[in-house]
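Student: Hey, dropping start_36.cif in here, mmCIF, C-alpha atoms and all ligand atoms:
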data_entry
#
loop_
_atom_site.group_PDB
_atom_site.id
_atom_site.type_symbol
_atom_site.label_atom_id
_atom_site.label_comp_id
_atom_site.auth_asym_id
_atom_site.auth_seq_id
_atom_site.Cartn_x
_atom_site.Cartn_y
_atom_site.Cartn_z
ATOM 1 C CA MET A 21 -28.762 22.151 21.157
ATOM 2 C CA ARG A 22 -26.979 24.643 18.929
ATOM 3 C CA ILE A 23 -23.630 23.108 19.824
ATOM 4 C CA ILE A 24 -24.805 19.580 19.038
ATOM 5 C CA CYS A 25 -26.104 20.668 15.640
ATOM 6 C CA LEU A 26 -22.809 22.359 14.821
ATOM 7 C CA THR A 27 -20.859 19.225 15.835
ATOM 8 C CA TRP A 28 -22.997 17.132 13.511
ATOM 9 C CA MET A 29 -22.482 19.536 10.661
ATOM 10 C CA LEU A 30 -18.701 19.427 11.110
ATOM 11 C CA LEU A 31 -18.742 15.651 11.322
ATOM 12 C CA ILE A 32 -20.783 15.327 8.124
ATOM 13 C CA THR A 33 -18.499 17.789 6.336
ATOM 14 C CA PHE A 34 -15.448 15.852 7.485
ATOM 15 C CA LEU A 35 -16.815 12.453 6.471
ATOM 16 C CA GLY A 36 -17.959 13.860 3.143
ATOM 17 C CA SER A 37 -14.537 15.246 2.266
ATOM 18 C CA SER A 38 -12.610 12.132 3.284
ATOM 19 C CA ALA A 39 -14.918 9.930 1.219
ATOM 20 C CA TRP A 40 -14.270 12.187 -1.748
ATOM 21 C CA ALA A 41 -10.493 11.945 -1.274
ATOM 22 C CA GLY A 42 -10.768 8.165 -1.154
ATOM 23 C CA GLU A 43 -12.636 8.073 -4.440
ATOM 24 C CA ALA A 44 -9.810 9.754 -6.357
ATOM 25 C CA VAL A 45 -7.727 6.661 -5.783
ATOM 26 C CA ARG A 46 -8.838 3.095 -6.307
ATOM 27 C CA VAL A 47 -6.866 0.191 -4.865
ATOM 28 C CA GLU A 48 -7.123 -3.125 -6.660
ATOM 29 C CA ASP A 49 -6.434 -6.532 -5.178
ATOM 30 C CA PRO A 50 -4.048 -5.734 -2.298
ATOM 31 C CA TRP A 51 -2.175 -8.872 -1.207
ATOM 32 C CA VAL A 52 0.826 -9.980 0.807
ATOM 33 C CA ARG A 53 2.953 -12.888 -0.257
ATOM 34 C CA ALA A 54 2.743 -15.715 2.265
ATOM 35 C CA ALA A 55 6.130 -16.800 3.672
ATOM 36 C CA PRO A 56 7.382 -19.207 6.346
ATOM 37 C CA PRO A 57 7.397 -17.762 9.910
ATOM 38 C CA SER A 58 11.217 -17.565 9.800
ATOM 39 C CA VAL A 59 11.006 -14.876 7.087
ATOM 40 C CA HIS A 60 11.058 -11.368 8.570
ATOM 41 C CA VAL A 61 10.673 -9.373 5.362
ATOM 42 C CA LEU A 62 7.459 -9.700 3.375
ATOM 43 C CA ALA A 63 6.291 -8.025 0.189
ATOM 44 C CA ALA A 64 2.874 -6.496 -0.461
ATOM 45 C CA TYR A 65 1.430 -5.863 -3.914
ATOM 46 C CA MET A 66 -1.577 -4.065 -5.405
ATOM 47 C CA GLY A 67 -2.720 -1.882 -8.252
ATOM 48 C CA ILE A 68 -3.378 1.793 -7.454
ATOM 49 C CA GLU A 69 -5.476 3.723 -9.933
ATOM 50 C CA ASN A 70 -5.518 7.526 -9.920
ATOM 51 C CA LYS A 71 -8.999 8.510 -11.045
ATOM 52 C CA GLY A 72 -8.384 12.175 -10.264
ATOM 53 C CA SER A 73 -7.543 14.913 -12.767
ATOM 54 C CA SER A 74 -4.063 15.650 -11.384
ATOM 55 C CA ALA A 75 -0.972 13.550 -10.761
ATOM 56 C CA ILE A 76 -0.342 12.308 -7.232
ATOM 57 C CA SER A 77 2.369 10.293 -5.547
ATOM 58 C CA LEU A 78 2.253 7.434 -3.119
ATOM 59 C CA THR A 79 4.444 8.881 -0.362
ATOM 60 C CA GLY A 80 4.198 6.286 2.360
ATOM 61 C CA ILE A 81 2.600 3.190 3.788
ATOM 62 C CA GLU A 82 1.776 2.435 7.393
ATOM 63 C CA SER A 83 0.881 -0.830 9.085
ATOM 64 C CA PRO A 84 0.465 -1.416 12.817
ATOM 65 C CA ASP A 85 1.570 -5.046 12.291
ATOM 66 C CA PHE A 86 5.165 -4.267 11.195
ATOM 67 C CA ALA A 87 8.114 -2.425 12.728
ATOM 68 C CA LYS A 88 8.879 -0.744 9.395
ATOM 69 C CA VAL A 89 7.270 -0.379 5.963
ATOM 70 C CA GLU A 90 9.170 0.795 2.869
ATOM 71 C CA LEU A 91 8.437 1.514 -0.777
ATOM 72 C CA HIS A 92 10.811 -0.382 -3.044
ATOM 73 C CA GLU A 93 11.603 -0.124 -6.708
ATOM 74 C CA THR A 94 13.095 -3.176 -8.417
ATOM 75 C CA VAL A 95 15.917 -2.226 -10.783
ATOM 76 C CA MET A 96 17.480 -4.705 -13.195
ATOM 77 C CA THR A 97 21.267 -4.409 -13.541
ATOM 78 C CA ASP A 98 23.108 -7.082 -15.529
ATOM 79 C CA ASP A 99 20.198 -9.513 -15.146
ATOM 80 C CA MET A 100 20.289 -9.051 -11.383
ATOM 81 C CA ALA A 101 17.254 -7.616 -9.645
ATOM 82 C CA THR A 102 18.172 -5.170 -6.921
ATOM 83 C CA MET A 103 15.789 -3.248 -4.702
ATOM 84 C CA VAL A 104 16.069 0.478 -4.214
ATOM 85 C CA PRO A 105 14.061 2.198 -1.439
ATOM 86 C CA ARG A 106 11.990 5.123 -2.767
ATOM 87 C CA ASP A 107 10.481 8.078 -0.889
ATOM 88 C CA SER A 108 7.556 8.188 -3.272
ATOM 89 C CA LEU A 109 6.154 6.627 -6.425
ATOM 90 C CA PRO A 110 4.240 8.881 -8.868
ATOM 91 C CA ILE A 111 0.859 8.099 -10.417
ATOM 92 C CA ASP A 112 -0.235 10.185 -13.422
ATOM 93 C CA ALA A 113 -3.759 11.571 -13.640
ATOM 94 C CA GLY A 114 -5.853 8.696 -14.973
ATOM 95 C CA GLY A 115 -2.830 6.400 -14.613
ATOM 96 C CA LYS A 116 -2.134 3.316 -12.598
ATOM 97 C CA LEU A 117 0.722 2.236 -10.360
ATOM 98 C CA GLU A 118 1.282 -1.509 -10.472
ATOM 99 C CA LEU A 119 2.994 -3.017 -7.469
ATOM 100 C CA LYS A 120 3.686 -6.611 -8.441
ATOM 101 C CA PRO A 121 6.189 -9.452 -8.007
ATOM 102 C CA GLY A 122 9.372 -8.633 -9.919
ATOM 103 C CA GLY A 123 8.525 -4.920 -9.953
ATOM 104 C CA ASN A 124 7.854 -2.133 -7.496
ATOM 105 C CA HIS A 125 6.489 -3.312 -4.178
ATOM 106 C CA ILE A 126 5.806 -2.512 -0.567
ATOM 107 C CA MET A 127 8.327 -4.044 1.825
ATOM 108 C CA LEU A 128 6.957 -5.104 5.203
ATOM 109 C CA ILE A 129 9.784 -5.455 7.721
ATOM 110 C CA ASP A 130 9.759 -7.270 11.081
ATOM 111 C CA PRO A 131 6.206 -8.518 11.659
ATOM 112 C CA LYS A 132 4.930 -7.898 15.192
ATOM 113 C CA LYS A 133 2.721 -10.976 14.961
ATOM 114 C CA PRO A 134 2.613 -14.050 12.708
ATOM 115 C CA VAL A 135 1.438 -13.386 9.159
ATOM 116 C CA ALA A 136 -0.596 -16.473 8.293
ATOM 117 C CA GLU A 137 -1.779 -17.496 4.864
ATOM 118 C CA GLY A 138 -5.495 -16.820 4.597
ATOM 119 C CA GLY A 139 -5.275 -13.885 7.004
ATOM 120 C CA THR A 140 -5.153 -10.163 6.271
ATOM 121 C CA VAL A 141 -2.702 -7.323 6.898
ATOM 122 C CA PRO A 142 -3.996 -3.776 7.495
ATOM 123 C CA LEU A 143 -2.212 -1.191 5.331
ATOM 124 C CA THR A 144 -2.756 2.570 5.130
ATOM 125 C CA LEU A 145 -1.560 4.254 1.930
ATOM 126 C CA ILE A 146 -0.562 7.906 2.231
ATOM 127 C CA PHE A 147 -0.645 10.160 -0.824
ATOM 128 C CA SER A 148 0.982 13.492 -1.694
ATOM 129 C CA ASP A 149 -2.389 15.290 -1.600
ATOM 130 C CA GLY A 150 -2.712 14.317 2.062
ATOM 131 C CA SER A 151 -5.329 11.631 1.494
ATOM 132 C CA ARG A 152 -5.053 8.270 3.198
ATOM 133 C CA VAL A 153 -6.603 5.035 2.023
ATOM 134 C CA SER A 154 -6.825 2.011 4.306
ATOM 135 C CA VAL A 155 -7.009 -1.485 2.866
ATOM 136 C CA GLN A 156 -6.856 -5.062 4.138
ATOM 137 C CA ALA A 157 -4.298 -7.032 2.135
ATOM 138 C CA ALA A 158 -5.017 -10.761 1.816
ATOM 139 C CA VAL A 159 -2.109 -13.070 2.676
ATOM 140 C CA ARG A 160 -1.715 -15.695 -0.021
ATOM 141 C CA LYS A 161 0.816 -17.709 -2.014
ATOM 142 C CA ALA A 162 2.353 -16.145 -5.086
ATOM 143 C CA GLY A 163 2.077 -17.516 -8.600
ATOM 144 C CA GLU A 164 5.249 -18.811 -10.213
ATOM 145 C CA MET A 165 5.537 -15.987 -12.744
ATOM 146 C CA ASN A 166 7.977 -13.066 -12.492
ATOM 147 C CA ASP A 167 8.992 -13.942 -9.007
ATOM 148 C CA HIS A 168 12.248 -12.156 -8.262
ATOM 149 C CA HIS A 169 11.638 -11.747 -4.597
ATOM 150 C CA GLY A 170 13.460 -14.899 -3.568
ATOM 151 C CA MET A 171 16.642 -12.847 -3.915
ATOM 152 C CA HIS A 172 16.109 -11.095 -0.629
HETATM 153 CU CU CU B 201 11.945 -4.990 -1.403
#
Would you mind writing the file's structure down as structure tokens?
Tutor:
Amino acid sequence: MRIICLTWMLLITFLGSSAWAGEAVRVEDPWVRAAPPSVHVLAAYMGIENKGSSAISLTGIESPDFAKVELHETVMTDDMATMVPRDSLPIDAGGKLELKPGGNHIMLIDPKKPVAEGGTVPLTLIFSDGSRVSVQAAVRKAGEMNDHHGMH
């Protein structure tokens, strides 16, 4: 009986701390741009708010549905948008990281199964403080504005 009680206490402690870590970061409207099945590189976007009192960085993204996931920064040189892979993207305390068409984004490479409009893609965000936040990104069509991603 003692052992069972201890297990429960550890479990509650663990769940409590992970919930707290998740609250420091708030993910807004995660979505993946719908593309024809012939397209093997997709982009994911979202807003990530750092509600904590210290700066953190987004250091990685994982998805079981893709062979590879990268963080990309879009850099404008001579009116040409080029994408530069980044190891991490910083978010100030109280600040917000905007991943949006024409700007920084998450690059989803080689889907392991079809990514259909109206479906969802599971993504796990990994932060420099060790916390992980899992979201379901909705697959939908992009608006016409600021759409530089056709240059892939
Ligand atoms: Cu990219």
Student: Could you tell me which of A:Ile68, A:Ala87, A:Met96, A:Ile146 comes closest to Leu128 (chain A) if we count only C-alpha atoms?
Tutor: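 Closest to Leu128 (chain A), using only C-alpha atoms: A:Ala87.
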Student: Taking into account all atoms listed in the file, which residue in the set A:Val61, A:Ala54, A:Leu78, A:Met127 is nearest to ligand CU 201 (chain B)?
Tutor: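 Residue with the minimum atom-to-atom distance to ligand CU 201 (chain B): A:Met127.
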Student: Give me, as a PyMOL selection string, all polymer residues having an atom no more than 12 Å from Val159 (chain A), counting all atoms listed in the file and skipping those fewer than 6 positions away in the same chain.
Tutor: chain A and resi 49-56+62-65+134-142
Student: Measuring atom to atom with all atoms listed in the file, identify which of A:Met103, A:Val155, A:Ile129, A:Leu145 is nearest to ligand CU 201 (chain B).
Tutor: A:Met103
Student: Give as a compact mmCIF listing (two decimals) with C-alpha atoms, in the frame of the given file the residues surrounding ligand CU 201 (chain B) up to a distance of 10 Å, considering all atoms listed in the file.
Tutor:
# COMPACT_ATOMS: atom_id res chain seq x y z
CA VAL A 61 10.67 -9.37 5.36
CA LEU A 62 7.46 -9.70 3.38
CA ALA A 63 6.29 -8.02 0.19
CA ALA A 64 2.87 -6.50 -0.46
CA VAL A 89 7.27 -0.38 5.96
CA GLU A 90 9.17 0.80 2.87
CA LEU A 91 8.44 1.51 -0.78
CA HIS A 92 10.81 -0.38 -3.04
CA GLU A 93 11.60 -0.12 -6.71
CA THR A 94 13.10 -3.18 -8.42
CA THR A 102 18.17 -5.17 -6.92
CA MET A 103 15.79 -3.25 -4.70
CA VAL A 104 16.07 0.48 -4.21
CA PRO A 105 14.06 2.20 -1.44
CA PRO A 121 6.19 -9.45 -8.01
CA GLY A 122 9.37 -8.63 -9.92
CA GLY A 123 8.52 -4.92 -9.95
CA ASN A 124 7.85 -2.13 -7.50
CA HIS A 125 6.49 -3.31 -4.18
CA ILE A 126 5.81 -2.51 -0.57
CA MET A 127 8.33 -4.04 1.82
CA LEU A 128 6.96 -5.10 5.20
CA ILE A 129 9.78 -5.46 7.72
CA HIS A 168 12.25 -12.16 -8.26
CA HIS A 169 11.64 -11.75 -4.60
CA MET A 171 16.64 -12.85 -3.92
CA HIS A 172 16.11 -11.10 -0.63
Student: How many Å lie between CA of Asp99 (chain A) and CA of Gly67 (chain A), rounded to one decimal?
Tutor: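 Pair CA of Asp99 (chain A) / CA of Gly67 (chain A) returns 25.1 Å.
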Student: Residues at most 10 Å from Ser154 (chain A), counting only C-alpha atoms, excluding those fewer than 5 positions away in the same chain, as a PyMOL selection string?
Tutor: chain A and resi 42+47+81-83+142-146
Student: Enter the distance from CA of Gly80 (chain A) to CA of Ala162 (chain A), in Å, rounded to one decimal.
Tutor: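 Those two atoms sit 23.7 Å apart.
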Student: Under the rule that only C-alpha atoms are counted, which of A:Gly114, A:Gly150, A:Pro57, A:Gly72 is the nearest residue to Lys132 (chain A)?
Tutor: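 Selected residue with least distance to Lys132 (chain A): A:Pro57.
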